[in-house]
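Data block below; observations after.
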Amino acid sequence: MLDVRFVCENMDLVEERLKLRGKQIDLTEIKKLANERLELLYTYETNQQLLNKSQNEMANLDKKSEEFAKKRDELKEISEQSKKAKTRLAEVLESLDKLILYIPNLPQESVPVGASEEDNVIIKTWGVKPSFNFTPKNHWDLGDTDYMDFERGSKITGTKFTVMKSYAAKMERALINLMLDTHGEAGYTEIFPPFLVNRTSMTGTGQLPKFEEDAFKIEGTDYFLVPTAEVPVTNLFADEIIPESELPIKYAAYTACFRKEAGSAGRDTRGLIRQHQFNKVELVKITTPETSDLEHKKLLEDAERILQKLNLHYRVVELCGADLGFSASKCFDIEVWLPGQDNYREISSVSNFLDFQARRAKIRYKSESEKKNSLAHTINGSGLAVGRTVVAIFENYQQEDGSIIVPEVLRPYMGGLEIIPSIVK
RNA sequence: GGAGGAAUGGCCGAGCGGUUUAAGGCGGCGGUCUUGAAAACCGUUGUACUGAAAGGUACCGGGGGUUCGAAUCCCUCUUCCUCUGCCA
């Protein structure tokens with residue numbers, strides 16, 4: 001969330017920056033509540049001071065004296081006023097929280113202006129599109145049903161759940177290991193977190209309260225299925241103060257991810273692209289404000305490395321204001337080339353949140369030079385979405401007969417397998 | 001799932017409703033002494049809000065209550081430990 005104080009003192013700037021997201025947001029109610037908070041705080045603290053100062057006096061008075069009774073009644077009056085202010089203060093804070101938690105992060109100044117994803121800016125292209133002397137197939141034509149069983153997935157669970165089988169199942173597992181090993185070599189510590197998180201964690205990283213309809217909730221509990229490993233891993237440091245010497249913290253985590261995909265009904269109905277459950281390896285960094293921009297760019301490179309190892313053609317786009325996620329201040333998407341769809345598709349999203357998540361989750365660090373505590377910066381990115389990587393391999397490495405060449409770097413992870421036999425009839 | 005016990009500062013550990021301004025110890029930091037170190041001694045020590053500052057307020061697992069006044073009494077929730085049941 002944004003700093004209430006900053007919002008009140010820079011209302012014009014904040015409104016201007018939020019416009020980059022294509023949204024008009026009214027901040028006057030926030031300012032009103034913030035002022036009331038200060039007034040109440042003053043009333044409460046003045047009364048408390050009076051009460052505290054009377055402590056010794058009361059202790060030393062004869063409990064049966066008239067003076068004691070008189071003083072007691074006097075203090076009772078003050079105490080009641082104090083409690084009233086405190087109650088009202090709690091209400092004001094709650095309303096204030098409610099408002100501020102729904103306000104998205106400010107886009108960084110460098111973020112391109114735009115109205116939709118059409119306005120994202122391509123900043124890099126790596127590799128070349130593979131050429132085929134035949135018409136490349138979709139991954140579902142290459143995989144259905146012996147490698148990817150869409151129908152039985154729907155039967156046992158529901159639509160947008162798929163059963164991975166045989167070499168495709170092995171490839172999911174192999175990719176997870178390849179990704180975790182690669183990131184491990186780059187200095188990321190491996191984390192295997194719980195797949196269920198509580199409401200506080202979901203709020204800390206910004207999935208709640210605004211996007212509850214996107215999350216799967218376990219009935220009868222306050223637990224949510226993780227929509228991304230970002231949630232458990234970033235919240236590892238919630239409510240903690242990290243010594244600066246330990247920064248940057250670099251974590252890599254595999255989890256299954258669960259998303260309701262509310263609002264995207266009718267899109268990507270076929271194939272593995274959009275699923276309610278998918279595997280993902282996520283990279284998370286906690287940094288100081290000074291280094292977050294650099295670490296953001298380095299994290300992008302770490303994610304790109306996987307595609308480079310797999311020799312998959314991709315491009316990097318910087319998201320324009322309108323396409324930016326709620327918590328992000330700046331975001332790069334990596335889009336892999338999918339010949340079967342004749343299109344680039346997002347396979348990784350690498351965001352810098354600055355102190356937006358840190359303020360929500362209370363992730364701080366102790367500065368060595370100044371000996372004070374400050375909010376940390378958080379960064380994360382997919383490294384990569386595993387299911388979509390399988391899609392990319394199937395479509396980019398297909399041969400005319402429908403068999404699929406296993407990328408060399410993946411072979412040691414698949415028992416030396418070189419070719420996935422064709423099941424195309 | 002059942003039965004007990006516990007929760008106090010970075011850590012350990014005291015704490016009869018009002019000199020608690022949370023004792024004491026350890027650790028950390030600074031200093032004295034020393035060629036250097038150790039030891040000893042002295043000082044210091046968290047977080048948030050508020051304030052220009054001095055300072056003030058709050059925080060003894062969370063929330064509520066009793067009281068002029070709660071770390072202390074009451075209710076409730078959570079977490080951890082021990083024993084026990086079931087279990088990959």
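Every chain in the structure tokens has a letter given in the order shown (A, B, ...), and although residue numbers restart at 1 in each chain, ligands are simply numbered from 1 in the order shown.
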Contacts between chain B and chain A, please, where a residue of chain A counts if it comes within 8 Å (with only C-alpha atoms (C1' of nucleotides)); show its shortest atom pair and distance in Å to one decimal, rows by chain and ascending number, as CSV.
```
residue,atom,partner,partner_atom,distance
A:Leu41,CA,B:U50,C1',8.0
A:Glu45,CA,B:U57,C1',5.3
A:Gln48,CA,B:U57,C1',7.4
A:Gln49,CA,B:U57,C1',7.5
A:Gln55,CA,B:G18,C1',6.4
A:Asn56,CA,B:G18,C1',6.6
A:Met58,CA,B:G18,C1',7.2
A:Ala59,CA,B:G18,C1',4.7
A:Lys71,CA,B:C68,C1',7.5
A:Arg72,CA,B:C68,C1',4.5
A:Asp73,CA,B:C68,C1',6.9
A:Glu74,CA,B:C68,C1',7.8
A:Leu75,CA,B:C68,C1',5.2
A:Lys76,CA,B:C68,C1',5.5
A:Ser79,CA,B:C68,C1',7.9
```
Please give the complete set of residues from stretch 121-162 of chain A that DSSP, run on the backbone, assigns to strand (DSSP E), formatted as a VMD selection string. chain A and resid 121 to 126 148 to 149
Just to confirm, what's the straight-line distance from atom CA of A:Leu324 to atom CA of A:Glu118 in Å (one decimal)? 12.5 Å
Which residues are near B:A23? Cut-off 10 Å, only C-alpha atoms (C1' of nucleotides), ignore same chain within fewer than 4 positions. Put them as number ranges by chain. B: 13-15
Let me see the file: selected residues, all heavy atoms, as an mmCIF file, in the first residue's frame.
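Now in out.cif:
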```cif
data_model
loop_
_atom_site.group_PDB
_atom_site.id
_atom_site.type_symbol
_atom_site.label_atom_id
_atom_site.label_comp_id
_atom_site.auth_asym_id
_atom_site.auth_seq_id
_atom_site.Cartn_x
_atom_site.Cartn_y
_atom_site.Cartn_z
ATOM 1 P P G B 13 14.299 -19.396 30.716
ATOM 2 O OP1 G B 13 14.291 -20.717 31.371
ATOM 3 O OP2 G B 13 13.194 -19.006 29.812
ATOM 4 O "O5'" G B 13 14.420 -18.279 31.839
ATOM 5 C "C5'" G B 13 15.202 -18.478 33.014
ATOM 6 C "C4'" G B 13 15.180 -17.236 33.859
ATOM 7 O "O4'" G B 13 15.546 -16.088 33.062
ATOM 8 C "C3'" G B 13 13.808 -16.876 34.433
ATOM 9 O "O3'" G B 13 13.558 -17.606 35.629
ATOM 10 C "C2'" G B 13 13.930 -15.377 34.660
ATOM 11 O "O2'" G B 13 14.644 -15.082 35.841
ATOM 12 C "C1'" G B 13 14.794 -14.949 33.455
ATOM 13 N N9 G B 13 13.987 -14.510 32.310
ATOM 14 C C8 G B 13 13.572 -15.263 31.237
ATOM 15 N N7 G B 13 12.879 -14.592 30.363
ATOM 16 C C5 G B 13 12.824 -13.302 30.885
ATOM 17 C C6 G B 13 12.206 -12.139 30.385
ATOM 18 O O6 G B 13 11.563 -11.994 29.338
ATOM 19 N N1 G B 13 12.389 -11.060 31.237
ATOM 20 C C2 G B 13 13.078 -11.093 32.416
ATOM 21 N N2 G B 13 13.142 -9.953 33.093
ATOM 22 N N3 G B 13 13.668 -12.174 32.900
ATOM 23 C C4 G B 13 13.496 -13.236 32.095
ATOM 24 P P A B 14 12.134 -17.527 36.328
ATOM 25 O OP1 A B 14 12.001 -18.686 37.222
ATOM 26 O OP2 A B 14 11.116 -17.238 35.302
ATOM 27 O "O5'" A B 14 12.327 -16.255 37.250
ATOM 28 C "C5'" A B 14 11.242 -15.415 37.522
ATOM 29 C "C4'" A B 14 11.730 -14.273 38.376
ATOM 30 O "O4'" A B 14 12.489 -13.352 37.547
ATOM 31 C "C3'" A B 14 10.611 -13.443 38.955
ATOM 32 O "O3'" A B 14 10.140 -13.992 40.170
ATOM 33 C "C2'" A B 14 11.273 -12.082 39.144
ATOM 34 O "O2'" A B 14 12.046 -12.050 40.317
ATOM 35 C "C1'" A B 14 12.191 -12.021 37.923
ATOM 36 N N9 A B 14 11.570 -11.367 36.776
ATOM 37 C C8 A B 14 11.177 -11.924 35.587
ATOM 38 N N7 A B 14 10.667 -11.077 34.732
ATOM 39 C C5 A B 14 10.717 -9.872 35.402
ATOM 40 C C6 A B 14 10.331 -8.567 35.036
ATOM 41 N N6 A B 14 9.793 -8.268 33.863
ATOM 42 N N1 A B 14 10.520 -7.589 35.944
ATOM 43 C C2 A B 14 11.061 -7.885 37.131
ATOM 44 N N3 A B 14 11.462 -9.064 37.579
ATOM 45 C C4 A B 14 11.267 -10.025 36.658
ATOM 46 P P G B 15 8.622 -14.378 40.309
ATOM 47 O OP1 G B 15 8.416 -14.982 41.639
ATOM 48 O OP2 G B 15 8.216 -15.100 39.085
ATOM 49 O "O5'" G B 15 7.950 -12.950 40.287
ATOM 50 C "C5'" G B 15 8.394 -11.937 41.170
ATOM 51 C "C4'" G B 15 8.008 -10.587 40.644
ATOM 52 O "O4'" G B 15 8.658 -10.352 39.380
ATOM 53 C "C3'" G B 15 6.528 -10.429 40.315
ATOM 54 O "O3'" G B 15 5.763 -10.149 41.472
ATOM 55 C "C2'" G B 15 6.550 -9.275 39.330
ATOM 56 O "O2'" G B 15 6.670 -8.042 39.995
ATOM 57 C "C1'" G B 15 7.828 -9.557 38.550
ATOM 58 N N9 G B 15 7.528 -10.314 37.322
ATOM 59 C C8 G B 15 7.512 -11.680 37.155
ATOM 60 N N7 G B 15 7.192 -12.039 35.942
ATOM 61 C C5 G B 15 6.981 -10.839 35.271
ATOM 62 C C6 G B 15 6.609 -10.592 33.920
ATOM 63 O O6 G B 15 6.386 -11.411 33.020
ATOM 64 N N1 G B 15 6.505 -9.235 33.665
ATOM 65 C C2 G B 15 6.731 -8.239 34.580
ATOM 66 N N2 G B 15 6.569 -6.984 34.146
ATOM 67 N N3 G B 15 7.076 -8.455 35.844
ATOM 68 C C4 G B 15 7.193 -9.768 36.110
#
```
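Across A:Val406, A:Val284, A:Val391, A:Val226, the tightest approach to A:Gly143 is made by A:Val391 when counting only C-alpha atoms.
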Per residue of stretch 346-411 of chain A within 12 Å of stretch 82-102 of chain A, record the nearest atom pair and its distance in Å to one decimal, counting only C-alpha atoms, with rows in chain order and ascending residue number, as JSON lines.
```
{"residue": "A:Phe356", "atom": "CA", "partner": "A:Leu101", "partner_atom": "CA", "distance": 10.2}
{"residue": "A:Gln357", "atom": "CA", "partner": "A:Leu101", "partner_atom": "CA", "distance": 10.6}
{"residue": "A:Arg359", "atom": "CA", "partner": "A:Leu101", "partner_atom": "CA", "distance": 10.6}
{"residue": "A:Arg360", "atom": "CA", "partner": "A:Leu101", "partner_atom": "CA", "distance": 8.3}
{"residue": "A:Ala361", "atom": "CA", "partner": "A:Leu101", "partner_atom": "CA", "distance": 11.6}
```
What would the file look like if the residues just selected were written as a JSON list (two decimals), in the first residue's frame with N, CA, C and O atoms?
```json
[["chain", "number", "residue", "atom", "x", "y", "z"],
["A", 356, "PHE", "N", 5.82, -1.16, -1.72],
["A", 356, "PHE", "CA", 4.36, -1.32, -1.66],
["A", 356, "PHE", "C", 3.95, -2.57, -0.87],
["A", 356, "PHE", "O", 3.11, -2.51, 0.03],
["A", 357, "GLN", "N", 4.57, -3.70, -1.19],
["A", 357, "GLN", "CA", 4.28, -4.93, -0.45],
["A", 357, "GLN", "C", 4.91, -4.88, 0.93],
["A", 357, "GLN", "O", 4.33, -5.34, 1.91],
["A", 359, "ARG", "N", 5.34, -2.42, 2.89],
["A", 359, "ARG", "CA", 4.56, -1.64, 3.84],
["A", 359, "ARG", "C", 3.35, -2.44, 4.32],
["A", 359, "ARG", "O", 3.01, -2.42, 5.49],
["A", 360, "ARG", "N", 2.73, -3.17, 3.41],
["A", 360, "ARG", "CA", 1.59, -4.00, 3.80],
["A", 360, "ARG", "C", 2.02, -5.12, 4.75],
["A", 360, "ARG", "O", 1.36, -5.40, 5.73],
["A", 361, "ALA", "N", 3.12, -5.77, 4.39],
["A", 361, "ALA", "CA", 3.54, -6.96, 5.15],
["A", 361, "ALA", "C", 4.51, -6.61, 6.27],
["A", 361, "ALA", "O", 4.92, -7.48, 7.03]]
```
Considering only C-alpha atoms (C1' of nucleotides), return as an MDAnalysis selection string whatever protein or nucleic-acid residues lie within 12 Å of B:U32, sequence-local ones (same chain, fewer than 6 positions apart) excluded. chainID B and resid 40:43
Selected residues, N, CA and C atoms (P, O5', C5', C4', C3', O3' and C1' of nucleotides), written as a PDB file, in the first residue's frame, please.
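Okay, selection21.pdb is ready:
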```
ATOM      1  P     A B  40      35.033 -10.382  33.623  1.00  0.00           P
ATOM      2  O5'   A B  40      35.541  -9.092  34.410  1.00  0.00           O
ATOM      3  C5'   A B  40      36.091  -9.226  35.732  1.00  0.00           C
ATOM      4  C4'   A B  40      36.658  -7.904  36.172  1.00  0.00           C
ATOM      5  C3'   A B  40      35.687  -6.734  36.103  1.00  0.00           C
ATOM      6  O3'   A B  40      34.811  -6.689  37.210  1.00  0.00           O
ATOM      7  C1'   A B  40      37.731  -6.107  35.118  1.00  0.00           C
ATOM      8  P     C B  41      33.308  -6.297  37.003  1.00  0.00           P
ATOM      9  O5'   C B  41      33.417  -4.713  36.853  1.00  0.00           O
ATOM     10  C5'   C B  41      33.958  -3.924  37.908  1.00  0.00           C
ATOM     11  C4'   C B  41      34.300  -2.549  37.399  1.00  0.00           C
ATOM     12  C3'   C B  41      33.165  -1.797  36.710  1.00  0.00           C
ATOM     13  O3'   C B  41      32.260  -1.228  37.629  1.00  0.00           O
ATOM     14  C1'   C B  41      35.112  -1.592  35.414  1.00  0.00           C
ATOM     15  P     C B  42      30.717  -1.132  37.238  1.00  0.00           P
ATOM     16  O5'   C B  42      30.733   0.132  36.266  1.00  0.00           O
ATOM     17  C5'   C B  42      31.129   1.411  36.761  1.00  0.00           C
ATOM     18  C4'   C B  42      31.162   2.410  35.636  1.00  0.00           C
ATOM     19  C3'   C B  42      29.910   2.476  34.780  1.00  0.00           C
ATOM     20  O3'   C B  42      28.861   3.205  35.374  1.00  0.00           O
ATOM     21  C1'   C B  42      31.801   2.438  33.378  1.00  0.00           C
ATOM     22  P     G B  43      27.356   2.727  35.139  1.00  0.00           P
ATOM     23  O5'   G B  43      27.077   3.237  33.661  1.00  0.00           O
ATOM     24  C5'   G B  43      27.102   4.621  33.356  1.00  0.00           C
ATOM     25  C4'   G B  43      27.186   4.836  31.863  1.00  0.00           C
ATOM     26  C3'   G B  43      26.013   4.304  31.055  1.00  0.00           C
ATOM     27  O3'   G B  43      24.892   5.143  31.109  1.00  0.00           O
ATOM     28  C1'   G B  43      28.043   3.737  29.980  1.00  0.00           C
TER      29        G B  43
END
```
Gap from atom CA of A:Gly187 to atom CA of A:Tyr251 - Å, one decimal: 8.4 Å
Show which residues sit within 12 Å of A:Ala186, as an mmCIF file with N, CA, C and O atoms, in the first residue's frame. Count only C-alpha atoms (C1' of nucleotides), and ignore same-chain residues fewer than 2 positions away.
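Below is the file that was written, part-v3.cif:
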```
data_model
loop_
_atom_site.group_PDB
_atom_site.id
_atom_site.type_symbol
_atom_site.label_atom_id
_atom_site.label_comp_id
_atom_site.auth_asym_id
_atom_site.auth_seq_id
_atom_site.Cartn_x
_atom_site.Cartn_y
_atom_site.Cartn_z
ATOM 1 N N MET A 179 14.996 -25.698 -13.684
ATOM 2 C CA MET A 179 14.861 -24.295 -13.270
ATOM 3 C C MET A 179 15.448 -24.081 -11.874
ATOM 4 O O MET A 179 16.225 -23.148 -11.654
ATOM 5 N N LEU A 180 15.079 -24.947 -10.937
ATOM 6 C CA LEU A 180 15.574 -24.767 -9.565
ATOM 7 C C LEU A 180 17.094 -24.906 -9.510
ATOM 8 O O LEU A 180 17.765 -24.144 -8.805
ATOM 9 N N ASP A 181 17.625 -25.860 -10.266
ATOM 10 C CA ASP A 181 19.086 -26.048 -10.281
ATOM 11 C C ASP A 181 19.777 -24.823 -10.871
ATOM 12 O O ASP A 181 20.785 -24.346 -10.347
ATOM 13 N N THR A 182 19.234 -24.324 -11.971
ATOM 14 C CA THR A 182 19.839 -23.159 -12.634
ATOM 15 C C THR A 182 19.829 -21.943 -11.701
ATOM 16 O O THR A 182 20.831 -21.242 -11.574
ATOM 17 N N HIS A 183 18.700 -21.714 -11.059
ATOM 18 C CA HIS A 183 18.611 -20.560 -10.162
ATOM 19 C C HIS A 183 19.493 -20.752 -8.924
ATOM 20 O O HIS A 183 20.048 -19.798 -8.394
ATOM 21 N N GLY A 184 19.597 -22.003 -8.499
ATOM 22 C CA GLY A 184 20.487 -22.305 -7.372
ATOM 23 C C GLY A 184 21.913 -21.893 -7.692
ATOM 24 O O GLY A 184 22.608 -21.281 -6.875
ATOM 25 N N TYR A 188 20.320 -18.326 -5.786
ATOM 26 C CA TYR A 188 19.007 -18.322 -5.130
ATOM 27 C C TYR A 188 18.899 -19.517 -4.193
ATOM 28 O O TYR A 188 19.271 -20.638 -4.554
ATOM 29 N N THR A 189 18.405 -19.281 -2.990
ATOM 30 C CA THR A 189 18.176 -20.365 -2.039
ATOM 31 C C THR A 189 16.822 -21.002 -2.331
ATOM 32 O O THR A 189 15.837 -20.293 -2.536
ATOM 33 N N GLU A 190 16.823 -22.328 -2.354
ATOM 34 C CA GLU A 190 15.587 -23.021 -2.706
ATOM 35 C C GLU A 190 14.629 -23.074 -1.517
ATOM 36 O O GLU A 190 15.031 -23.349 -0.392
ATOM 37 N N LYS A 250 17.695 -13.761 -1.865
ATOM 38 C CA LYS A 250 17.280 -14.313 -3.166
ATOM 39 C C LYS A 250 16.725 -15.709 -2.945
ATOM 40 O O LYS A 250 17.460 -16.612 -2.537
ATOM 41 N N TYR A 251 15.460 -15.888 -3.216
ATOM 42 C CA TYR A 251 14.813 -17.181 -3.025
ATOM 43 C C TYR A 251 14.196 -17.674 -4.327
ATOM 44 O O TYR A 251 13.661 -16.886 -5.110
ATOM 45 N N ALA A 252 14.266 -18.977 -4.523
ATOM 46 C CA ALA A 252 13.587 -19.611 -5.657
ATOM 47 C C ALA A 252 12.674 -20.692 -5.106
ATOM 48 O O ALA A 252 13.096 -21.481 -4.256
ATOM 49 N N LEU A 283 10.879 -16.585 -8.572
ATOM 50 C CA LEU A 283 12.058 -15.970 -7.963
ATOM 51 C C LEU A 283 11.603 -14.771 -7.138
ATOM 52 O O LEU A 283 10.791 -13.969 -7.610
ATOM 53 N N LYS A 298 18.449 -7.679 -12.927
ATOM 54 C CA LYS A 298 19.202 -8.935 -12.843
ATOM 55 C C LYS A 298 18.261 -10.129 -12.744
ATOM 56 O O LYS A 298 18.531 -11.201 -13.278
ATOM 57 N N LEU A 299 17.145 -9.923 -12.048
ATOM 58 C CA LEU A 299 16.182 -11.016 -11.931
ATOM 59 C C LEU A 299 15.582 -11.352 -13.300
ATOM 60 O O LEU A 299 15.366 -12.524 -13.639
ATOM 61 N N GLU A 301 17.144 -11.107 -16.101
ATOM 62 C CA GLU A 301 18.163 -11.914 -16.782
ATOM 63 C C GLU A 301 18.153 -13.356 -16.289
ATOM 64 O O GLU A 301 18.336 -14.296 -17.067
ATOM 65 N N ASP A 302 17.943 -13.521 -14.974
ATOM 66 C CA ASP A 302 17.923 -14.879 -14.414
ATOM 67 C C ASP A 302 16.760 -15.682 -14.990
ATOM 68 O O ASP A 302 16.882 -16.889 -15.213
ATOM 69 N N ALA A 303 15.629 -15.022 -15.195
ATOM 70 C CA ALA A 303 14.477 -15.703 -15.789
ATOM 71 C C ALA A 303 14.739 -16.007 -17.257
ATOM 72 O O ALA A 303 14.446 -17.097 -17.746
ATOM 73 N N ARG A 305 17.477 -16.612 -18.639
ATOM 74 C CA ARG A 305 18.491 -17.653 -18.793
ATOM 75 C C ARG A 305 17.864 -19.014 -19.069
ATOM 76 O O ARG A 305 18.412 -19.830 -19.828
ATOM 77 N N ILE A 306 16.718 -19.275 -18.456
ATOM 78 C CA ILE A 306 16.070 -20.578 -18.653
ATOM 79 C C ILE A 306 15.682 -20.761 -20.125
ATOM 80 O O ILE A 306 15.934 -21.811 -20.727
#
```
Alpha helix (DSSP H) positions in stretch 98-196 of chain A, given as an MDAnalysis selection string: chainID A and resid 98:100 139:143 150:156 166:185
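Shortest atom-to-atom contact with B:C11 among B:A70, B:C26, B:C75, B:C86: B:C26, counting only C-alpha atoms (C1' of nucleotides).
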Of the listed residues A:Ser131, A:Ala328, A:Phe278, A:Ile156, that which approaches A:Tyr397 most closely, counting only C-alpha atoms: A:Ser131
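Within 12 Å of B:C77, once only C-alpha atoms (C1' of nucleotides) are used and residues closer than 3 positions along the same chain are dropped, the contacting residues are G61, G62, G63 and G64 of chain B.
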Those residues you just picked out, can you put them in a file as a JSON list (two decimals), in the first residue's frame with N, CA, C and O atoms (P, O5', C5', C4', C3', O3' and C1' of nucleotides)?
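Contents of again00.json, freshly written:
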```json
[["chain", "number", "residue", "atom", "x", "y", "z"],
["B", 61, "G", "P", 2.74, -11.49, 26.89],
["B", 61, "G", "O5'", 2.36, -11.50, 25.34],
["B", 61, "G", "C5'", 3.38, -11.53, 24.34],
["B", 61, "G", "C4'", 2.78, -11.96, 23.03],
["B", 61, "G", "C3'", 1.42, -11.36, 22.71],
["B", 61, "G", "O3'", 1.52, -10.06, 22.16],
["B", 61, "G", "C1'", 1.34, -13.68, 22.37],
["B", 62, "G", "P", 0.39, -8.98, 22.48],
["B", 62, "G", "O5'", -0.81, -9.49, 21.58],
["B", 62, "G", "C5'", -0.75, -9.39, 20.17],
["B", 62, "G", "C4'", -2.07, -9.76, 19.55],
["B", 62, "G", "C3'", -3.29, -9.03, 20.10],
["B", 62, "G", "O3'", -3.44, -7.73, 19.56],
["B", 62, "G", "C1'", -3.77, -11.32, 19.95],
["B", 63, "G", "P", -4.15, -6.62, 20.45],
["B", 63, "G", "O5'", -5.65, -7.13, 20.57],
["B", 63, "G", "C5'", -6.51, -7.09, 19.43],
["B", 63, "G", "C4'", -7.85, -7.69, 19.76],
["B", 63, "G", "C3'", -8.61, -7.03, 20.92],
["B", 63, "G", "O3'", -9.26, -5.84, 20.53],
["B", 63, "G", "C1'", -8.67, -9.37, 21.18],
["B", 64, "G", "P", -9.50, -4.72, 21.66],
["B", 64, "G", "O5'", -10.51, -5.41, 22.68],
["B", 64, "G", "C5'", -11.92, -5.28, 22.48],
["B", 64, "G", "C4'", -12.67, -6.19, 23.40],
["B", 64, "G", "C3'", -12.88, -5.71, 24.82],
["B", 64, "G", "O3'", -13.87, -4.71, 24.94],
["B", 64, "G", "C1'", -12.23, -7.96, 24.88]]
```
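Counting from atom CA of A:Val231, the distance to atom CA of A:Asn198 is 9.7 Å.
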